[in-house]
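To start, the structure itself, in structure tokens.
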Amino acid sequence: MENKEENVLTPSQLTFIIIASIIGVSVLNLPRSAIKSAKQDGWIAVLIGSIYPIYMIVIANYMRKKHPKEDILDLNKNIYGKFFGNIFNLVFILFFFIIGTDVAAGISNAIRIYIVNFLGVWNILTLLFLVSAYAVYSGTKALGRLNEILFYITFLVYLVPFFSIQKSHISNMQPIFGAGVQNILKGIKETTTAYSGIEILFIVYPFVDENVSIKKIAFKSVAFISIIYTLFTLITILYLGVDAALKFLWPLVTVTESIEIPIINSFRYIFLSLWTMTMIKCITVHYYLVTYGFSKIFTKVSRKNWVLLFYPVMVIVSSLYGNPAKRRTFLDMIFPPYAAYNIIFVSITAILIALGKGDKREK
């Protein structure tokens, strides 16, 4: 197992890791999910959905204050005992496994549909996870540096859709609150899962110096993400309109097609190429969390060996999601109850910590 003191993340690296963990391929479909329920007020549902990661940050920050050197995997074994603690740890880690394979499957579909339709899903997934496995195998510091470098290289991807604002129509988002409170609430249920990945904070906080405020870092990260999510949804509504947006599988990609640059035939390819690099960050972070988690549960196998063991597993499972429609149906069925479970589980654990249950290992 790696020594946490040898793998201290800088504040900026933690920021970029949190952003990479949350922003997945679902953002391409996020505007459609929000508009489907909340209509022209979909952007409001996206913004309010950030309550979920904010709550998780508050709980993680409390746990860190009480036990700065122990992550939630350690605390679960202290509180619930080794047997039940490891069962809860498996359930918790499985969430990251689903996110990582889902992102890989999603970006693979997008690449095959829009960029290289002559490549098979196995070719794309094998390459995606090969790059990720190399970074994960290198350790926590390498993970931090990778996310830091790729964030700056791919930052343009967050700005690209804004170039289409000159072709938007303000009437497409009127009347504001016209969808009704009930529909906005339905939209929040759809958008909350887009913030999944904030749970990473419960595992990585021991990797940050105790004098660093993870709450401040996490709030800044979520603020950046919620602004990007909200503006992406708002721009989609302004450019396409509610009815047109629902006709596209990934409306955000359609928005980028409105950008016209001399010589460049379609700006969509540039956007998706940059987005693929962004998704590699997301896949890598969750790949790391899975292998790190398993090394804490099954201590006789090192994290690096788990990296090698999970490589074919991640590739195979990612290929099983099928086409975008099947993948979306599966995720709509899995993520909402999983997010609810995570909220309940970390809340109960925090209460038990407040009662002193995490102060010593239960026999």
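How things are named: the first chain in the structure tokens is A, the next is B, and so on; residues count from 1 in each chain; ligands count from 1 in the order shown.
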List as a PDB file with N, CA and C atoms, in the first residue's frame the protein and nucleic acid residues near Ile48 in chain A, meaning an atom at most 9 Å away when only C-alpha atoms are counted, but skip any in the same chain fewer than 6 places from it.
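To be explicit, this is the file written out as selection35.pdb:
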```pdb
ATOM      1  N   ILE A 188     -34.479  18.398 -11.295  1.00  0.00           N
ATOM      2  CA  ILE A 188     -33.401  18.292 -10.310  1.00  0.00           C
ATOM      3  C   ILE A 188     -33.031  16.833 -10.087  1.00  0.00           C
ATOM      4  N   THR A 191     -30.774  15.946 -12.887  1.00  0.00           N
ATOM      5  CA  THR A 191     -29.478  16.627 -12.964  1.00  0.00           C
ATOM      6  C   THR A 191     -28.543  16.335 -11.796  1.00  0.00           C
ATOM      7  N   THR A 192     -29.115  15.921 -10.665  1.00  0.00           N
ATOM      8  CA  THR A 192     -28.287  15.664  -9.480  1.00  0.00           C
ATOM      9  C   THR A 192     -27.209  14.622  -9.755  1.00  0.00           C
ATOM     10  N   SER A 226     -20.654  23.623 -11.530  1.00  0.00           N
ATOM     11  CA  SER A 226     -22.064  24.026 -11.617  1.00  0.00           C
ATOM     12  C   SER A 226     -22.251  25.178 -12.593  1.00  0.00           C
TER      13      SER A 226
END
```
At most 12 Å is the cut-off: for each residue in range 296-320 of chain A with any atom that close to an atom of range 102-107 of chain A, write down the nearest atom pair and the distance in Å rounded to one decimal, counting only C-alpha atoms, chain first then increasing number, as JSON lines.
```
{"residue": "A:Met314", "atom": "CA", "partner": "A:Ala104", "partner_atom": "CA", "distance": 8.8}
{"residue": "A:Val315", "atom": "CA", "partner": "A:Ala104", "partner_atom": "CA", "distance": 8.4}
{"residue": "A:Ile316", "atom": "CA", "partner": "A:Ala105", "partner_atom": "CA", "distance": 10.2}
{"residue": "A:Val317", "atom": "CA", "partner": "A:Ala105", "partner_atom": "CA", "distance": 8.8}
{"residue": "A:Ser318", "atom": "CA", "partner": "A:Ala105", "partner_atom": "CA", "distance": 5.1}
{"residue": "A:Ser319", "atom": "CA", "partner": "A:Ala105", "partner_atom": "CA", "distance": 6.4}
{"residue": "A:Leu320", "atom": "CA", "partner": "A:Ala105", "partner_atom": "CA", "distance": 8.3}
```
Could you write out that same residue set with all heavy atoms as a compact mmCIF listing (two decimals), in the first residue's frame?
```txt
# COMPACT_ATOMS: atom_id res chain seq x y z
N MET A 314 -12.11 -3.73 -16.71
CA MET A 314 -12.66 -2.42 -17.07
C MET A 314 -13.02 -2.37 -18.56
O MET A 314 -14.06 -1.84 -18.94
CB MET A 314 -11.65 -1.32 -16.74
CG MET A 314 -11.23 -1.22 -15.29
SD MET A 314 -12.47 -0.53 -14.19
CE MET A 314 -12.12 1.21 -14.30
N VAL A 315 -12.15 -2.94 -19.38
CA VAL A 315 -12.40 -2.95 -20.83
C VAL A 315 -13.64 -3.77 -21.16
O VAL A 315 -14.52 -3.33 -21.91
CB VAL A 315 -11.18 -3.51 -21.59
CG1 VAL A 315 -11.50 -3.69 -23.08
CG2 VAL A 315 -9.98 -2.58 -21.43
N ILE A 316 -13.72 -4.97 -20.59
CA ILE A 316 -14.84 -5.87 -20.89
C ILE A 316 -16.17 -5.27 -20.42
O ILE A 316 -17.16 -5.25 -21.17
CB ILE A 316 -14.61 -7.25 -20.25
CG1 ILE A 316 -13.43 -7.96 -20.91
CG2 ILE A 316 -15.87 -8.12 -20.36
CD1 ILE A 316 -12.98 -9.23 -20.21
N VAL A 317 -16.20 -4.80 -19.18
CA VAL A 317 -17.45 -4.24 -18.63
C VAL A 317 -17.89 -3.01 -19.41
O VAL A 317 -19.08 -2.84 -19.69
CB VAL A 317 -17.29 -3.90 -17.14
CG1 VAL A 317 -18.53 -3.16 -16.62
CG2 VAL A 317 -17.05 -5.16 -16.32
N SER A 318 -16.95 -2.18 -19.80
CA SER A 318 -17.29 -0.97 -20.58
C SER A 318 -17.93 -1.33 -21.92
O SER A 318 -18.79 -0.60 -22.42
CB SER A 318 -16.04 -0.13 -20.82
OG SER A 318 -15.48 0.33 -19.60
N SER A 319 -17.52 -2.45 -22.48
CA SER A 319 -18.07 -2.87 -23.78
C SER A 319 -19.49 -3.41 -23.66
O SER A 319 -20.19 -3.55 -24.66
CB SER A 319 -17.17 -3.94 -24.40
OG SER A 319 -17.24 -5.15 -23.66
N LEU A 320 -19.92 -3.71 -22.44
CA LEU A 320 -21.23 -4.33 -22.23
C LEU A 320 -22.38 -3.31 -22.12
O LEU A 320 -23.54 -3.70 -22.11
CB LEU A 320 -21.21 -5.19 -20.96
CG LEU A 320 -20.23 -6.38 -20.96
CD1 LEU A 320 -20.29 -7.10 -19.62
CD2 LEU A 320 -20.53 -7.34 -22.11
```
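Nearest residue to Pro251 in chain A, choosing from A:Phe330, A:Tyr137, A:Leu238, A:Ile19 and counting only C-alpha atoms: A:Leu238.
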Would you list the contacts of Lys66 in chain A as a PyMOL selection string, taking every protein, DNA or RNA residue within 10 Å and counting only C-alpha atoms, but skipping same-chain residues closer than 3 positions in sequence? chain A and resi 61-63+69-70+350+353-354+356+358-359
Sort by chain and increasing residue number a table of all residues of range 159-213 of chain A within 10 Å of range 34-46 of chain A, each with its closest pair of atoms and their distance in Å to one decimal, counting only C-alpha atoms, and write it as a Markdown table.
```
| residue | atom | partner | partner_atom | distance |
| --- | --- | --- | --- | --- |
| A:Ser171 | CA | A:Gln40 | CA | 9.8 |
| A:Asn172 | CA | A:Gln40 | CA | 7.0 |
| A:Met173 | CA | A:Gln40 | CA | 4.9 |
| A:Gln174 | CA | A:Gln40 | CA | 6.8 |
| A:Pro175 | CA | A:Gln40 | CA | 7.7 |
| A:Ile176 | CA | A:Asp41 | CA | 6.3 |
| A:Phe177 | CA | A:Asp41 | CA | 6.0 |
| A:Gly178 | CA | A:Asp41 | CA | 7.3 |
| A:Ala179 | CA | A:Ala38 | CA | 5.8 |
| A:Gly180 | CA | A:Ala38 | CA | 7.8 |
| A:Val181 | CA | A:Ala38 | CA | 8.6 |
| A:Gln182 | CA | A:Ala38 | CA | 8.5 |
| A:Asn183 | CA | A:Ala38 | CA | 4.9 |
| A:Ile184 | CA | A:Ala38 | CA | 4.6 |
| A:Leu185 | CA | A:Ala45 | CA | 7.0 |
| A:Lys186 | CA | A:Ser37 | CA | 5.9 |
| A:Gly187 | CA | A:Ser37 | CA | 4.9 |
| A:Ile188 | CA | A:Ala45 | CA | 4.7 |
| A:Lys189 | CA | A:Ala45 | CA | 8.3 |
| A:Glu190 | CA | A:Ala34 | CA | 6.3 |
| A:Thr191 | CA | A:Val46 | CA | 5.4 |
| A:Thr192 | CA | A:Val46 | CA | 7.4 |
| A:Ala194 | CA | A:Val46 | CA | 8.6 |
| A:Tyr195 | CA | A:Val46 | CA | 9.5 |
```
Export of prior selection with C-alpha atoms as a PDB file, in the first residue's frame:
```pdb
ATOM      1  CA  SER A 171     -37.095  33.871 -26.613  1.00  0.00           C
ATOM      2  CA  ASN A 172     -36.146  30.165 -26.324  1.00  0.00           C
ATOM      3  CA  MET A 173     -35.780  30.459 -22.529  1.00  0.00           C
ATOM      4  CA  GLN A 174     -38.938  32.439 -21.910  1.00  0.00           C
ATOM      5  CA  PRO A 175     -40.971  32.538 -19.815  1.00  0.00           C
ATOM      6  CA  ILE A 176     -38.586  31.895 -16.922  1.00  0.00           C
ATOM      7  CA  PHE A 177     -40.230  29.587 -14.343  1.00  0.00           C
ATOM      8  CA  GLY A 178     -42.827  28.885 -16.995  1.00  0.00           C
ATOM      9  CA  ALA A 179     -42.246  25.121 -16.666  1.00  0.00           C
ATOM     10  CA  GLY A 180     -43.627  25.164 -13.138  1.00  0.00           C
ATOM     11  CA  VAL A 181     -42.122  24.196  -9.802  1.00  0.00           C
ATOM     12  CA  GLN A 182     -43.133  20.553 -10.118  1.00  0.00           C
ATOM     13  CA  ASN A 183     -41.313  20.107 -13.434  1.00  0.00           C
ATOM     14  CA  ILE A 184     -38.234  21.890 -12.117  1.00  0.00           C
ATOM     15  CA  LEU A 185     -38.166  19.486  -9.162  1.00  0.00           C
ATOM     16  CA  LYS A 186     -38.377  16.554 -11.596  1.00  0.00           C
ATOM     17  CA  GLY A 187     -35.474  18.094 -13.487  1.00  0.00           C
ATOM     18  CA  ILE A 188     -33.401  18.292 -10.310  1.00  0.00           C
ATOM     19  CA  LYS A 189     -33.759  14.527  -9.935  1.00  0.00           C
ATOM     20  CA  GLU A 190     -32.348  14.169 -13.455  1.00  0.00           C
ATOM     21  CA  THR A 191     -29.478  16.627 -12.964  1.00  0.00           C
ATOM     22  CA  THR A 192     -28.287  15.664  -9.480  1.00  0.00           C
ATOM     23  CA  ALA A 194     -24.456  14.638 -13.101  1.00  0.00           C
ATOM     24  CA  TYR A 195     -22.583  15.705  -9.969  1.00  0.00           C
TER      25      TYR A 195
END
```
Among range 224-328 of chain A, which residues carry a DSSP assignment of helix (DSSP H, G or I), reported as a ChimeraX atom specification? /A:224-240,242-245,251-256,267-297,303-319,324-328
For Ala60 in chain A, work out the shell of residues within 9 Å, counting only C-alpha atoms and skipping chain neighbours fewer than 2 positions away, then give it as an NGL selection string. :A and (55-58 or 62-65 or 72 or 199 or 201-202 or 205 or 214-215 or 346 or 350)
